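Okay, start37.txt is below, compact mmCIF, N, CA and C atoms:
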# COMPACT_ATOMS: atom_id res chain seq x y z
N MET A 289 51.34 67.21 -76.77
CA MET A 289 51.73 65.97 -76.15
C MET A 289 50.51 65.22 -75.62
N LEU A 290 49.61 65.95 -74.94
CA LEU A 290 48.41 65.32 -74.42
C LEU A 290 47.58 64.74 -75.56
N LYS A 291 47.53 65.45 -76.68
CA LYS A 291 46.78 64.96 -77.84
C LYS A 291 47.35 63.63 -78.32
N ASN A 292 48.68 63.52 -78.39
CA ASN A 292 49.31 62.26 -78.81
C ASN A 292 49.05 61.16 -77.80
N LEU A 293 49.11 61.50 -76.51
CA LEU A 293 48.85 60.51 -75.47
C LEU A 293 47.43 60.00 -75.57
N ILE A 294 46.49 60.91 -75.76
CA ILE A 294 45.09 60.51 -75.88
C ILE A 294 44.90 59.65 -77.11
N SER A 295 45.50 60.04 -78.22
CA SER A 295 45.37 59.26 -79.45
C SER A 295 45.94 57.86 -79.29
N ALA A 296 47.13 57.77 -78.71
CA ALA A 296 47.77 56.47 -78.52
C ALA A 296 46.98 55.63 -77.53
N THR A 297 46.56 56.24 -76.45
CA THR A 297 45.80 55.51 -75.44
C THR A 297 44.47 55.05 -76.01
N GLY A 298 43.79 55.95 -76.71
CA GLY A 298 42.50 55.60 -77.30
C GLY A 298 42.62 54.51 -78.34
N ALA A 299 43.62 54.58 -79.18
CA ALA A 299 43.81 53.56 -80.22
C ALA A 299 44.13 52.23 -79.59
N GLY A 300 44.98 52.23 -78.59
CA GLY A 300 45.31 50.98 -77.90
C GLY A 300 44.12 50.37 -77.22
N LEU A 301 43.32 51.20 -76.61
CA LEU A 301 42.13 50.73 -75.93
C LEU A 301 41.14 50.14 -76.91
N LEU A 302 40.96 50.79 -78.04
CA LEU A 302 40.03 50.26 -79.04
C LEU A 302 40.49 48.91 -79.57
N VAL A 303 41.77 48.76 -79.80
CA VAL A 303 42.28 47.52 -80.35
C VAL A 303 42.27 46.41 -79.31
N LEU A 304 42.68 46.72 -78.08
CA LEU A 304 42.84 45.68 -77.07
C LEU A 304 41.56 45.37 -76.29
N LEU A 305 40.79 46.38 -75.97
CA LEU A 305 39.68 46.15 -75.05
C LEU A 305 38.33 46.62 -75.55
N GLY A 306 38.28 47.16 -76.71
CA GLY A 306 36.99 47.61 -77.21
C GLY A 306 36.82 49.10 -77.08
N GLY A 307 37.55 49.77 -76.23
CA GLY A 307 37.58 51.21 -76.16
C GLY A 307 36.28 51.84 -75.75
N THR A 308 36.35 53.08 -75.55
CA THR A 308 35.19 53.87 -75.21
C THR A 308 34.80 54.67 -76.42
N MET A 309 33.63 54.42 -76.90
CA MET A 309 33.13 55.19 -78.02
C MET A 309 32.09 56.15 -77.46
N ALA A 310 31.94 57.28 -78.09
CA ALA A 310 31.04 58.28 -77.55
C ALA A 310 30.43 59.11 -78.66
N ASN A 311 29.40 59.83 -78.28
CA ASN A 311 28.83 60.82 -79.18
C ASN A 311 28.36 62.00 -78.36
N SER A 312 27.87 63.02 -78.99
CA SER A 312 27.46 64.22 -78.28
C SER A 312 26.01 64.17 -77.82
N VAL A 313 25.33 63.09 -78.06
CA VAL A 313 23.93 62.96 -77.69
C VAL A 313 23.84 62.21 -76.37
N PRO A 314 23.18 62.78 -75.35
CA PRO A 314 23.06 62.09 -74.07
C PRO A 314 22.32 60.77 -74.22
N ASN A 315 22.70 59.80 -73.40
CA ASN A 315 22.08 58.49 -73.41
C ASN A 315 21.92 58.04 -71.97
N SER A 316 20.73 57.63 -71.60
CA SER A 316 20.49 57.25 -70.22
C SER A 316 20.75 55.78 -69.97
N GLY A 317 21.21 55.02 -70.98
CA GLY A 317 21.45 53.59 -70.84
C GLY A 317 22.64 53.31 -69.94
N THR A 318 22.69 52.10 -69.42
CA THR A 318 23.83 51.72 -68.59
C THR A 318 24.91 51.09 -69.46
N VAL A 319 26.12 51.11 -68.96
CA VAL A 319 27.26 50.59 -69.69
C VAL A 319 27.70 49.29 -69.02
N SER A 320 27.71 48.22 -69.77
CA SER A 320 28.18 46.94 -69.26
C SER A 320 29.67 46.82 -69.53
N THR A 321 30.48 46.66 -68.48
CA THR A 321 31.92 46.62 -68.66
C THR A 321 32.52 45.43 -67.93
N PRO A 322 32.65 44.31 -68.62
CA PRO A 322 33.28 43.14 -68.01
C PRO A 322 34.79 43.31 -67.93
N SER A 323 35.43 42.48 -67.12
CA SER A 323 36.90 42.45 -67.07
C SER A 323 37.37 41.29 -67.93
N TYR A 324 38.55 41.43 -68.54
CA TYR A 324 39.11 40.40 -69.39
C TYR A 324 40.46 39.98 -68.84
N GLN A 325 40.83 38.74 -69.06
CA GLN A 325 42.13 38.23 -68.65
C GLN A 325 43.13 38.51 -69.76
N VAL A 326 44.15 39.31 -69.47
CA VAL A 326 45.17 39.67 -70.45
C VAL A 326 46.53 39.41 -69.82
N ALA A 327 47.31 38.53 -70.44
CA ALA A 327 48.68 38.24 -69.98
C ALA A 327 48.72 37.94 -68.49
N GLN A 328 47.82 37.12 -68.03
CA GLN A 328 47.77 36.67 -66.65
C GLN A 328 47.44 37.78 -65.64
N ASN A 329 46.96 38.91 -66.09
CA ASN A 329 46.55 39.99 -65.20
C ASN A 329 45.11 40.36 -65.51
N THR A 330 44.32 40.62 -64.49
CA THR A 330 42.96 41.05 -64.72
C THR A 330 42.96 42.55 -64.98
N VAL A 331 42.34 42.95 -66.06
CA VAL A 331 42.27 44.36 -66.43
C VAL A 331 40.89 44.88 -66.06
N ASP A 332 40.83 45.94 -65.31
CA ASP A 332 39.55 46.56 -64.95
C ASP A 332 39.16 47.48 -66.10
N THR A 333 38.38 46.93 -67.03
CA THR A 333 38.06 47.70 -68.23
C THR A 333 37.21 48.92 -67.93
N ALA A 334 36.35 48.84 -66.93
CA ALA A 334 35.50 49.99 -66.60
C ALA A 334 36.36 51.19 -66.19
N THR A 335 37.36 50.94 -65.36
CA THR A 335 38.25 52.02 -64.91
C THR A 335 39.08 52.55 -66.08
N LEU A 336 39.59 51.66 -66.90
CA LEU A 336 40.40 52.06 -68.05
C LEU A 336 39.57 52.88 -69.04
N GLU A 337 38.38 52.42 -69.36
CA GLU A 337 37.51 53.15 -70.27
C GLU A 337 37.15 54.52 -69.72
N ALA A 338 36.82 54.58 -68.43
CA ALA A 338 36.46 55.86 -67.80
C ALA A 338 37.63 56.84 -67.83
N SER A 339 38.83 56.33 -67.59
CA SER A 339 40.02 57.18 -67.61
C SER A 339 40.27 57.77 -68.99
N VAL A 340 40.21 56.92 -70.02
CA VAL A 340 40.43 57.40 -71.38
C VAL A 340 39.35 58.41 -71.76
N PHE A 341 38.12 58.10 -71.41
CA PHE A 341 37.00 59.00 -71.73
C PHE A 341 37.19 60.36 -71.05
N GLN A 342 37.62 60.33 -69.79
CA GLN A 342 37.87 61.58 -69.06
C GLN A 342 38.99 62.38 -69.72
N GLN A 343 40.06 61.70 -70.15
CA GLN A 343 41.17 62.39 -70.81
C GLN A 343 40.73 63.01 -72.14
N ILE A 344 39.90 62.31 -72.86
CA ILE A 344 39.38 62.85 -74.12
C ILE A 344 38.57 64.11 -73.85
N ASN A 345 37.69 64.07 -72.85
CA ASN A 345 36.89 65.26 -72.55
C ASN A 345 37.74 66.41 -72.01
N GLN A 346 38.81 66.10 -71.28
CA GLN A 346 39.71 67.15 -70.82
C GLN A 346 40.38 67.82 -72.02
N TYR A 347 40.80 67.04 -72.97
CA TYR A 347 41.41 67.61 -74.17
C TYR A 347 40.39 68.44 -74.94
N ARG A 348 39.18 67.92 -75.09
CA ARG A 348 38.13 68.66 -75.81
C ARG A 348 37.86 70.00 -75.12
N ALA A 349 37.82 69.99 -73.79
CA ALA A 349 37.60 71.23 -73.04
C ALA A 349 38.73 72.23 -73.30
N SER A 350 39.97 71.73 -73.39
CA SER A 350 41.10 72.62 -73.65
C SER A 350 41.02 73.24 -75.05
N GLN A 351 40.28 72.60 -75.94
CA GLN A 351 40.09 73.10 -77.30
C GLN A 351 38.75 73.83 -77.46
N LYS A 352 38.09 74.06 -76.31
CA LYS A 352 36.80 74.75 -76.27
C LYS A 352 35.72 74.00 -77.07
N LEU A 353 35.79 72.68 -76.99
CA LEU A 353 34.79 71.81 -77.63
C LEU A 353 33.87 71.25 -76.56
N PRO A 354 32.63 70.91 -76.91
CA PRO A 354 31.72 70.37 -75.91
C PRO A 354 32.15 68.96 -75.48
N ALA A 355 31.80 68.63 -74.25
CA ALA A 355 32.11 67.30 -73.73
C ALA A 355 31.27 66.25 -74.44
N LEU A 356 31.83 65.06 -74.56
CA LEU A 356 31.09 63.94 -75.12
C LEU A 356 30.39 63.20 -73.99
N THR A 357 29.36 62.46 -74.33
CA THR A 357 28.67 61.61 -73.35
C THR A 357 28.81 60.16 -73.79
N ARG A 358 28.80 59.28 -72.82
CA ARG A 358 28.91 57.84 -73.13
C ARG A 358 27.64 57.35 -73.81
N ASN A 359 27.80 56.38 -74.67
CA ASN A 359 26.67 55.75 -75.35
C ASN A 359 26.86 54.25 -75.18
N SER A 360 26.00 53.62 -74.37
CA SER A 360 26.19 52.22 -74.04
C SER A 360 26.12 51.30 -75.25
N SER A 361 25.30 51.63 -76.23
CA SER A 361 25.22 50.79 -77.44
C SER A 361 26.54 50.80 -78.20
N ILE A 362 27.13 51.97 -78.34
CA ILE A 362 28.41 52.08 -79.04
C ILE A 362 29.51 51.44 -78.21
N ASP A 363 29.50 51.63 -76.89
CA ASP A 363 30.49 50.98 -76.02
C ASP A 363 30.45 49.47 -76.19
N ASN A 364 29.26 48.90 -76.13
CA ASN A 364 29.12 47.45 -76.23
C ASN A 364 29.54 46.94 -77.60
N GLN A 365 29.20 47.65 -78.66
CA GLN A 365 29.60 47.22 -80.00
C GLN A 365 31.12 47.28 -80.15
N ALA A 366 31.74 48.30 -79.59
CA ALA A 366 33.20 48.41 -79.66
C ALA A 366 33.86 47.25 -78.93
N ARG A 367 33.29 46.83 -77.79
CA ARG A 367 33.84 45.68 -77.07
C ARG A 367 33.71 44.41 -77.91
N CYS A 368 32.57 44.22 -78.55
CA CYS A 368 32.37 43.04 -79.41
C CYS A 368 33.37 43.05 -80.57
N ASP A 369 33.55 44.20 -81.19
CA ASP A 369 34.51 44.31 -82.29
C ASP A 369 35.93 44.02 -81.82
N SER A 370 36.27 44.49 -80.62
CA SER A 370 37.60 44.24 -80.08
C SER A 370 37.83 42.76 -79.85
N LEU A 371 36.83 42.07 -79.32
CA LEU A 371 36.96 40.63 -79.10
C LEU A 371 37.10 39.88 -80.42
N LEU A 372 36.41 40.34 -81.44
CA LEU A 372 36.52 39.73 -82.76
C LEU A 372 37.93 39.91 -83.31
N VAL A 373 38.47 41.11 -83.20
CA VAL A 373 39.84 41.37 -83.65
C VAL A 373 40.82 40.49 -82.87
N GLU A 374 40.62 40.42 -81.56
CA GLU A 374 41.51 39.60 -80.74
C GLU A 374 41.45 38.13 -81.19
N SER A 375 40.27 37.62 -81.45
CA SER A 375 40.15 36.21 -81.84
C SER A 375 40.80 35.93 -83.20
N ARG A 376 40.80 36.91 -84.06
CA ARG A 376 41.38 36.72 -85.40
C ARG A 376 42.90 36.90 -85.42
N TYR A 377 43.40 37.80 -84.59
CA TYR A 377 44.81 38.20 -84.71
C TYR A 377 45.66 37.93 -83.49
N SER A 378 45.13 37.30 -82.46
CA SER A 378 45.93 37.05 -81.27
C SER A 378 46.94 35.93 -81.54
N VAL A 379 48.03 35.98 -80.81
CA VAL A 379 49.08 34.97 -80.94
C VAL A 379 48.62 33.73 -80.19
N ARG A 380 48.61 32.63 -80.88
CA ARG A 380 48.17 31.37 -80.26
C ARG A 380 49.39 30.51 -79.96
N THR A 381 49.44 29.97 -78.75
CA THR A 381 50.58 29.12 -78.38
C THR A 381 50.15 27.68 -78.26
The structure given in the file should be rewritten as C-alpha cells.
Amino acid sequence: MLKNLISATGAGLLVLLGGTMANSVPNSGTVSTPSYQVAQNTVDTATLEASVFQQINQYRASQKLPALTRNSSIDNQARCDSLLVESRYSVRT
C-alpha cells in the first residue's frame, strides 16, 4: 500500500509541481523551491517535495535499499519540465 501511495504521490508531484528527483550521489548544492498558485491556493512546494522525498526514502529503507540524496540540478529541471507540461496541457478559461 505504501508503495502505491508513494508511486501515486510521486507521479502527481512530478506532473503538477515538478516533483523531487534524486540520485544516490551526494550534492552540496542548494535547492530552489518557489511556491505556485494552484486553484486559488498557495502550495508550499518545498514542504511537499520534502515530504514525498522522505516517504520515498522510508520505503527504500523498508526494502533495505540505500537512501537517496537530493540533487538541486535535477530538482530544478523537473520543476521547469512541470511548468512546460502545465503550459501545454492546462485548462484555459
Here atom C of A:Ser375 and atom CA of A:Phe341 stand apart by 26.0 Å
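Excluding A:Leu353 itself and same-chain residues fewer than 6 positions from it, the residues having an atom within 12 Å of it are Ser312, Ile344, Asn345, Gln346 and Tyr347 of chain A, counting only C-alpha atoms.
Taking atom CA of A:Arg367 as the reference point, atom N of A:Gln351 is found at 27.7 Å.
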Those of stretch 322-361 of chain A in DSSP helix (DSSP H, G or I), formatted as a PyMOL selection string: chain A and resi 333-350+360-361
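Of note, atom C of A:Ser378 and atom CA of A:Ser360 are spaced 27.4 Å apart.
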